[in-house]
>>> print(open('work03.txt').read())   # compact mmCIF, C-alpha atoms (C1' of nucleotides)
# COMPACT_ATOMS: atom_id res chain seq x y z
CA MET N 1 12.62 94.07 82.85
CA LYS N 2 13.25 97.59 84.07
CA THR N 3 15.87 98.46 81.47
CA ALA N 4 13.64 97.57 78.56
CA ILE N 5 10.74 99.53 80.00
CA ARG N 6 12.90 102.59 80.47
CA ALA N 7 14.18 102.31 76.92
CA LEU N 8 10.70 101.83 75.49
CA GLY N 9 9.38 104.74 77.49
CA SER N 10 12.20 106.96 76.32
CA LEU N 11 11.47 106.27 72.68
CA ALA N 12 7.72 106.53 73.12
CA HIS N 13 7.65 110.25 72.57
CA ASP N 14 7.63 112.39 69.48
CA SER N 15 10.57 114.60 70.33
CA ARG N 16 12.69 111.90 71.90
CA LEU N 17 12.26 109.52 69.00
CA ALA N 18 13.16 112.38 66.67
CA ILE N 19 16.23 113.12 68.76
CA PHE N 20 17.29 109.50 68.77
CA ARG N 21 16.84 109.15 65.02
CA LEU N 22 18.90 112.25 64.50
CA LEU N 23 21.68 110.89 66.66
CA VAL N 24 21.61 107.54 64.90
CA GLN N 25 22.10 109.38 61.62
CA ALA N 26 24.83 111.51 63.12
CA GLY N 27 26.90 108.44 63.97
CA GLU N 28 29.44 107.87 66.69
CA ALA N 29 30.63 111.45 66.87
CA GLY N 30 27.21 112.63 67.94
CA LEU N 31 25.90 116.18 67.93
CA PRO N 32 26.13 119.19 70.25
CA VAL N 33 22.96 119.94 72.17
CA GLY N 34 22.61 123.25 70.37
CA ALA N 35 22.66 121.60 66.97
CA ILE N 36 19.93 119.17 67.95
CA GLY N 37 17.77 121.95 69.34
CA GLU N 38 18.18 123.97 66.20
CA LYS N 39 17.38 121.06 63.94
CA LEU N 40 14.28 120.00 65.85
CA GLN N 41 13.20 123.41 67.09
CA LEU N 42 13.19 122.54 70.76
CA ALA N 43 13.67 124.98 73.64
CA PRO N 44 16.96 124.34 75.49
CA ALA N 45 15.26 123.37 78.74
CA THR N 46 12.91 120.97 76.98
CA LEU N 47 15.74 119.42 75.02
CA SER N 48 17.84 119.01 78.12
CA PHE N 49 14.92 117.30 79.80
CA HIS N 50 14.53 114.78 76.98
CA LEU N 51 18.24 114.14 76.62
CA ALA N 52 18.39 113.39 80.33
CA GLY N 53 15.65 110.82 79.82
CA LEU N 54 17.44 109.17 76.94
CA LYS N 55 20.69 109.14 78.89
CA HIS N 56 18.97 107.65 81.91
CA ALA N 57 17.59 104.91 79.71
CA GLY N 58 21.10 104.28 78.42
CA LEU N 59 20.16 104.96 74.81
CA VAL N 60 22.34 108.03 74.53
CA THR N 61 25.82 108.92 75.75
CA ALA N 62 27.37 112.32 76.31
CA ARG N 63 30.93 113.57 76.23
CA ARG N 64 32.10 117.08 76.85
CA VAL N 65 34.52 118.88 74.56
CA GLY N 66 35.29 122.33 75.85
CA ARG N 67 31.99 124.00 76.54
CA THR N 68 29.97 121.94 74.12
CA ILE N 69 28.55 118.54 74.97
CA TYR N 70 28.22 115.94 72.24
CA HIS N 71 25.41 113.42 72.52
CA ALA N 72 25.50 110.19 70.58
CA ALA N 73 23.24 107.19 70.10
CA ASN N 74 24.23 104.07 72.01
CA TYR N 75 23.93 101.40 69.35
CA THR N 76 24.64 98.62 71.76
CA ALA N 77 21.72 99.57 73.98
CA MET N 78 19.48 99.76 70.95
CA ASN N 79 20.60 96.32 69.84
CA GLU N 80 19.86 94.98 73.26
CA LEU N 81 16.41 96.49 73.21
CA ILE N 82 15.70 94.90 69.84
CA GLY N 83 17.05 91.64 71.18
CA TYR N 84 14.76 91.85 74.17
CA LEU N 85 11.73 92.59 72.04
CA SER N 86 12.60 89.71 69.75
CA GLU N 87 12.61 87.48 72.78
CA ASN N 88 9.20 88.75 73.72
CA CYS N 89 7.98 88.18 70.24
CA CYS N 90 9.33 84.70 69.76
CA GLN N 91 9.51 83.10 73.16
CA GLY N 92 10.20 79.45 72.49
CA ALA N 93 10.78 79.72 68.77
CA ASP N 94 14.38 80.13 67.61
CA CYS N 95 14.47 83.64 66.26
CA GLY N 96 17.83 84.82 64.94
CA VAL N 97 17.95 88.58 64.82
CA ALA N 98 20.72 90.04 62.73
CA MET N 99 22.15 92.92 64.67
CA CYS N 100 22.89 96.39 63.48
CA ALA N 101 25.98 98.44 62.82
CA PRO N 102 26.27 102.16 63.51
CA ALA N 103 25.22 104.28 60.56
CA ALA N 104 28.62 105.93 60.63
CA GLY N 105 30.09 102.62 59.52
CA LYS N 106 32.80 100.83 61.45
CA GLN N 107 32.12 98.16 64.03
CA ILE N 108 29.75 95.30 63.44
CA ALA N 109 27.91 94.68 66.67
CA GLN N 110 28.42 91.28 68.21
CA PRO N 111 25.50 88.85 68.28
CA VAL N 112 23.19 90.36 70.82
CA LYS N 113 23.44 88.93 74.29
CA LYS N 114 20.26 86.90 74.70
CA VAL N 115 18.13 88.22 77.52
CA SER N 116 16.99 85.43 79.80
CA ARG N 117 13.35 84.53 79.34
CA ASN N 118 11.89 85.17 82.73
CA GLU N 119 13.29 88.61 83.41
CA MET N 120 9.80 89.94 84.00
CA THR N 121 9.44 90.48 87.67
CA ALA N 122 6.41 88.80 89.09
CA ARG N 123 4.46 91.99 89.93
CA PRO N 124 2.66 91.42 93.19
CA ARG N 125 0.30 94.42 92.69
CA ARG N 126 -3.20 95.06 93.91
CA GLY N 127 -3.75 96.99 97.05
CA ARG N 128 -3.04 100.66 96.53
CA MET A 1 5.85 107.64 63.09
CA LYS A 2 2.68 107.62 65.14
CA THR A 3 2.16 103.86 65.01
CA ALA A 4 5.60 103.10 66.38
CA ILE A 5 5.21 105.64 69.17
CA ARG A 6 1.89 104.17 70.19
CA ALA A 7 3.36 100.69 70.20
CA LEU A 8 6.40 101.77 72.19
CA GLY A 9 4.23 103.62 74.66
CA SER A 10 2.01 100.61 75.09
CA LEU A 11 4.89 98.36 75.96
CA ALA A 12 6.57 100.94 78.19
CA HIS A 13 4.68 99.90 81.27
CA ASP A 14 5.17 97.16 83.79
CA SER A 15 1.71 95.65 83.62
CA ARG A 16 1.27 96.03 79.88
CA LEU A 17 4.61 94.46 79.06
CA ALA A 18 3.71 91.61 81.40
CA ILE A 19 0.36 91.24 79.67
CA PHE A 20 1.94 91.22 76.26
CA ARG A 21 4.54 88.66 77.23
CA LEU A 22 1.84 86.46 78.65
CA LEU A 23 -0.14 86.69 75.42
CA VAL A 24 2.93 85.95 73.33
CA GLN A 25 3.42 82.79 75.35
CA ALA A 26 -0.22 81.92 75.06
CA GLY A 27 -0.02 81.83 71.28
CA GLU A 28 -2.65 82.51 68.64
CA ALA A 29 -5.57 81.31 70.75
CA GLY A 30 -4.97 84.00 73.31
CA LEU A 31 -6.36 84.20 76.81
CA PRO A 32 -9.62 85.32 78.42
CA VAL A 33 -9.42 88.62 80.27
CA GLY A 34 -10.18 86.90 83.54
CA ALA A 35 -7.27 84.49 83.15
CA ILE A 36 -4.87 87.36 82.52
CA GLY A 37 -6.13 89.25 85.52
CA GLU A 38 -5.78 86.24 87.75
CA LYS A 39 -2.29 85.45 86.54
CA LEU A 40 -1.04 89.00 86.93
CA GLN A 41 -3.18 90.03 89.86
CA LEU A 42 -4.76 93.04 88.21
CA ALA A 43 -8.12 94.57 89.06
CA PRO A 44 -10.64 94.12 86.23
CA ALA A 45 -10.95 97.83 85.53
CA THR A 46 -7.21 98.30 85.43
CA LEU A 47 -6.72 95.32 83.17
CA SER A 48 -9.42 96.50 80.82
CA PHE A 49 -7.74 99.88 80.66
CA HIS A 50 -4.39 98.37 79.70
CA LEU A 51 -5.85 95.95 77.21
CA ALA A 52 -7.61 98.86 75.53
CA GLY A 53 -4.25 100.58 75.21
CA LEU A 54 -2.60 97.53 73.69
CA LYS A 55 -5.52 97.08 71.30
CA HIS A 56 -5.39 100.71 70.29
CA ALA A 57 -1.72 100.32 69.53
CA GLY A 58 -2.54 97.30 67.41
CA LEU A 59 -0.37 94.97 69.46
CA VAL A 60 -3.26 92.89 70.69
CA THR A 61 -6.44 91.57 69.11
CA ALA A 62 -9.67 90.46 70.73
CA ARG A 63 -12.36 87.99 69.73
CA ARG A 64 -15.47 87.16 71.64
CA VAL A 65 -16.58 83.59 72.32
CA GLY A 66 -19.79 83.50 74.26
CA ARG A 67 -19.35 85.77 77.21
CA THR A 68 -15.62 85.52 77.38
CA ILE A 69 -13.27 87.63 75.27
CA TYR A 70 -9.98 86.15 74.18
CA HIS A 71 -7.08 88.52 73.70
CA ALA A 72 -4.08 87.52 71.64
CA ALA A 73 -0.73 89.06 70.71
CA ASN A 74 -0.51 90.46 67.21
CA TYR A 75 2.80 89.04 66.03
CA THR A 76 2.71 90.97 62.80
CA ALA A 77 2.48 94.29 64.61
CA MET A 78 5.35 93.28 66.84
CA ASN A 79 7.42 92.33 63.83
CA GLU A 80 6.70 95.68 62.27
CA LEU A 81 7.75 97.45 65.44
CA ILE A 82 11.01 95.56 65.52
CA GLY A 83 11.46 96.35 61.85
CA TYR A 84 10.91 100.02 62.51
CA LEU A 85 13.37 100.07 65.38
CA SER A 86 15.92 98.26 63.27
CA GLU A 87 15.54 100.98 60.69
CA ASN A 88 16.14 103.55 63.37
CA CYS A 89 19.14 101.71 64.58
CA CYS A 90 20.77 101.10 61.24
CA GLN A 91 19.70 103.93 58.99
CA GLY A 92 21.89 103.65 55.91
CA ALA A 93 23.48 100.33 56.78
CA ASP A 94 21.87 97.20 55.39
CA CYS A 95 20.52 95.45 58.42
CA GLY A 96 18.71 92.20 57.78
CA VAL A 97 16.44 91.37 60.65
CA ALA A 98 15.18 87.81 60.75
CA MET A 99 11.55 87.98 61.68
CA CYS A 100 9.72 85.97 64.22
CA ALA A 101 7.07 83.29 64.21
CA PRO A 102 4.29 83.00 66.77
CA ALA A 103 5.29 80.97 69.78
CA ALA A 104 2.36 78.69 69.03
CA GLY A 105 4.22 77.55 65.94
CA LYS A 106 2.79 77.78 62.45
CA GLN A 107 3.39 80.70 60.12
CA ILE A 108 6.80 82.14 59.44
CA ALA A 109 6.39 85.88 59.10
CA GLN A 110 7.32 87.34 55.76
CA PRO A 111 10.37 89.65 55.56
CA VAL A 112 9.20 92.73 57.43
CA LYS A 113 7.84 95.50 55.28
CA LYS A 114 10.53 98.18 55.31
CA VAL A 115 9.29 101.37 56.87
CA SER A 116 10.20 104.38 54.79
CA ARG A 117 13.05 106.40 56.25
CA ASN A 118 11.61 109.84 56.71
CA GLU A 119 8.38 108.95 58.44
CA MET A 120 9.22 111.28 61.30
CA THR A 121 7.07 114.34 60.98
CA ALA A 122 8.93 117.60 61.08
CA ARG A 123 7.61 118.82 64.45
CA PRO A 124 7.23 122.59 64.19
CA ARG A 125 7.04 123.14 67.96
CA ARG A 126 8.10 126.08 70.15
CA GLY A 127 5.58 128.65 71.21
CA ARG A 128 3.19 127.32 73.78
C1' DC Y 1 38.47 138.63 87.35
C1' DC Y 2 35.06 139.61 83.59
C1' DA Y 3 32.40 138.71 79.58
C1' DA Y 4 30.61 135.40 76.33
C1' DT Y 5 28.97 130.89 75.06
C1' DA Y 6 26.97 126.14 76.01
C1' DA Y 7 24.15 123.59 78.60
C1' DT Y 8 21.63 122.28 82.90
C1' DT Y 9 18.66 122.99 86.88
C1' DC Y 10 14.73 125.26 89.14
C1' DG Y 11 10.00 126.24 89.54
C1' DA Y 12 5.40 126.89 88.11
C1' DT Y 13 1.77 125.33 85.10
C1' DG Y 14 -0.91 122.41 82.40
C1' DA Y 15 -1.74 117.94 80.46
C1' DT Y 16 -1.93 112.82 80.56
C1' DA Y 17 -1.67 108.52 82.57
C1' DC Y 18 -2.87 104.92 86.30
C1' DT Y 19 -5.74 102.88 89.55
C1' DG Y 20 -9.83 100.60 91.28
C1' DG Y 21 -14.71 100.74 93.23
C1' DA Y 22 -19.22 100.92 91.58
C1' DA Y 23 -22.45 100.81 87.96
C1' DA Y 24 -23.52 99.39 83.32
C1' DT Y 25 -23.44 96.20 79.30
C1' DA Y 26 -23.35 91.67 77.03
C1' DT Y 27 -24.24 86.87 76.95
C1' DG Y 28 -25.87 82.26 78.07
C1' DG Y 29 -28.84 79.37 80.47
C1' DA Y 30 -32.78 77.86 83.61
C1' DT M 1 -37.85 86.76 82.34
C1' DC M 2 -34.41 86.43 85.85
C1' DC M 3 -29.91 85.25 87.43
C1' DA M 4 -25.03 84.48 87.11
C1' DT M 5 -20.76 85.32 84.70
C1' DA M 6 -17.46 88.10 81.88
C1' DT M 7 -15.97 92.40 80.77
C1' DT M 8 -16.25 97.27 80.04
C1' DT M 9 -17.35 102.07 81.16
C1' DC M 10 -17.73 105.82 84.45
C1' DC M 11 -15.70 108.52 87.76
C1' DA M 12 -12.68 110.62 90.94
C1' DG M 13 -8.34 110.70 93.17
C1' DT M 14 -3.40 110.49 92.74
C1' DA M 15 0.74 110.46 90.30
C1' DT M 16 3.83 111.26 86.70
C1' DC M 17 5.15 113.72 82.46
C1' DA M 18 6.00 117.85 79.38
C1' DT M 19 6.99 122.59 78.57
C1' DC M 20 9.74 126.65 78.99
C1' DG M 21 11.28 131.23 81.16
C1' DA M 22 14.61 132.48 84.33
C1' DA M 23 18.44 131.58 87.10
C1' DT M 24 22.59 128.78 87.53
C1' DT M 25 26.76 126.16 86.46
C1' DA M 26 30.74 125.13 83.45
C1' DT M 27 34.25 126.51 80.33
C1' DT M 28 37.19 129.41 77.40
C1' DG M 29 39.47 133.55 76.23
C1' DG M 30 40.79 138.13 77.11
>>> encode(input="work03.txt", output="structure tokens")
Amino acid sequence: MKTAIRALGSLAHDSRLAIFRLLVQAGEAGLPVGAIGEKLQLAPATLSFHLAGLKHAGLVTARRVGRTIYHAANYTAMNELIGYLSENCCQGADCGVAMCAPAAGKQIAQPVKKVSRNEMTARPRRGR
Amino acid sequence: MKTAIRALGSLAHDSRLAIFRLLVQAGEAGLPVGAIGEKLQLAPATLSFHLAGLKHAGLVTARRVGRTIYHAANYTAMNELIGYLSENCCQGADCGVAMCAPAAGKQIAQPVKKVSRNEMTARPRRGR
DNA sequence: CCAATAATTCGATGATACTGGAAATATGGA
DNA sequence: TCCATATTTCCAGTATCATCGAATTATTGG
């Protein structure tokens, strides 16, 4: 499934995983780009590049307040990713995965929407 | 954490995710390389390349029987990955994740070993 | 409109990753 | 030993990713 692959790819990088962890800690309010860059010592262009990736994967959301843009972790997307991986891990077996709540507190995420088993596209391949 | 990044990176690819799913379905016995290649229509060299990646990430194991090599999903590693992601998703909040058993049946995985919170290395960066 | 601040986009460069044909290695059997 | 089968390694070509300075866009306040 394309979504899962994008999410996995987004997290499969030092800086991006660090960014995501930071945002998870920061909670729903999120953090301004500048604050993230300062904390993780990333050049603005580099940071913007990685944030774009995380946004494209749906793991991070952005909202503008004046001239600063707050980025926040998308807990729902993360829950869905974990749900998908659990599917991959368990297949037939009944595997209840208790879902997560935002660090900031508040909302308890609803039982993750089960991803249908055969979402993997068949991959025709071969023949460059 | 390096291990998690390697695992995420390994799964963040069409063919490799397909391979892993196939192996999860196949259960503990695993599948010969040839069978995987036939099922997914991958050239031997390409398949070998991806399997090496999955092995390096610890998500897949291999055992030789005669001239054929059986590859199998490492359920424990997958559980640990899910555990790590759950940590990332929940941070402070207590998030019980029910772990998975191999599709083949048998063993119920023990409650995932909690990954310590600050495993992210500090990343000095900046200054090419 | 102009200056200052916050962030993104552009562009060039270097580094990795993917792919698959061909050759090499490993194994079992006649 | 010689052959067939199973898989990996080597190699080269292509493609995608990562980094960051400089230029650009957005926004607020004089």
>>> closest_residue(input="work03.txt", among="A:Gln25, A:Asn74, A:Ser48, A:Thr3", to="chain Y", atoms="only C-alpha atoms (C1' of nucleotides)")
A:Ser48
>>> interface_residues(input="work03.txt", of="chain A", to="chain Y", cutoff="8 Å", atoms="only C-alpha atoms (C1' of nucleotides)", output="NGL selection string")
:A and (43 or 45-46 or 66-67)
>>> residues_around(input="work03.txt", residues="Leu8 in chain A", least_positions_apart="4", cutoff="7 Å", atoms="all atoms listed in the file", output="short mmCIF file (atom, residue, chain, number, x, y, z; two decimals) with C-alpha atoms, in the coordinates of the input")
data_model
loop_
_atom_site.label_atom_id
_atom_site.label_comp_id
_atom_site.auth_asym_id
_atom_site.auth_seq_id
_atom_site.Cartn_x
_atom_site.Cartn_y
_atom_site.Cartn_z
CA LEU N 8 10.70 101.83 75.49
CA GLY N 9 9.38 104.74 77.49
CA LEU N 11 11.47 106.27 72.68
CA ALA N 12 7.72 106.53 73.12
CA ALA A 4 5.60 103.10 66.38
CA ALA A 12 6.57 100.94 78.19
#
>>> interface_residues(input="work03.txt", of="chain M", to="chain N", cutoff="7 Å", atoms="all atoms listed in the file", output="list of chain:residue names")
M:DT19, M:DC20, M:DT27
>>> closest_residue(input="work03.txt", among="N:Ile19, N:Ala77, N:Arg63, N:Asn88", to="chain A", atoms="all atoms listed in the file")
N:Asn88
>>> atom_distance(input="work03.txt", atom1="CA of Gly34 in chain A", atom2="CA of Ile69 in chain A")
8.9 Å
>>> atom_distance(input="work03.txt", atom1="CA of Ser86 in chain N", atom2="CA of Ala35 in chain A")
24.5 Å
>>> atom_distance(input="work03.txt", atom1="CA of Ile36 in chain N", atom2="CA of Lys55 in chain N")
14.9 Å
>>> closest_residue(input="work03.txt", among="N:Arg16, N:Ala26, N:Tyr70, N:Leu40", to="chain A", atoms="all atoms listed in the file")
N:Leu40
>>> closest_residue(input="work03.txt", among="N:Ala29, N:Val60, N:Gly53, N:Gln41", to="chain A", atoms="all atoms listed in the file")
N:Gln41
>>> closest_residue(input="work03.txt", among="A:Leu17, A:Leu23, A:Ile5, A:Ala62", to="chain N", atoms="all atoms listed in the file")
A:Ile5
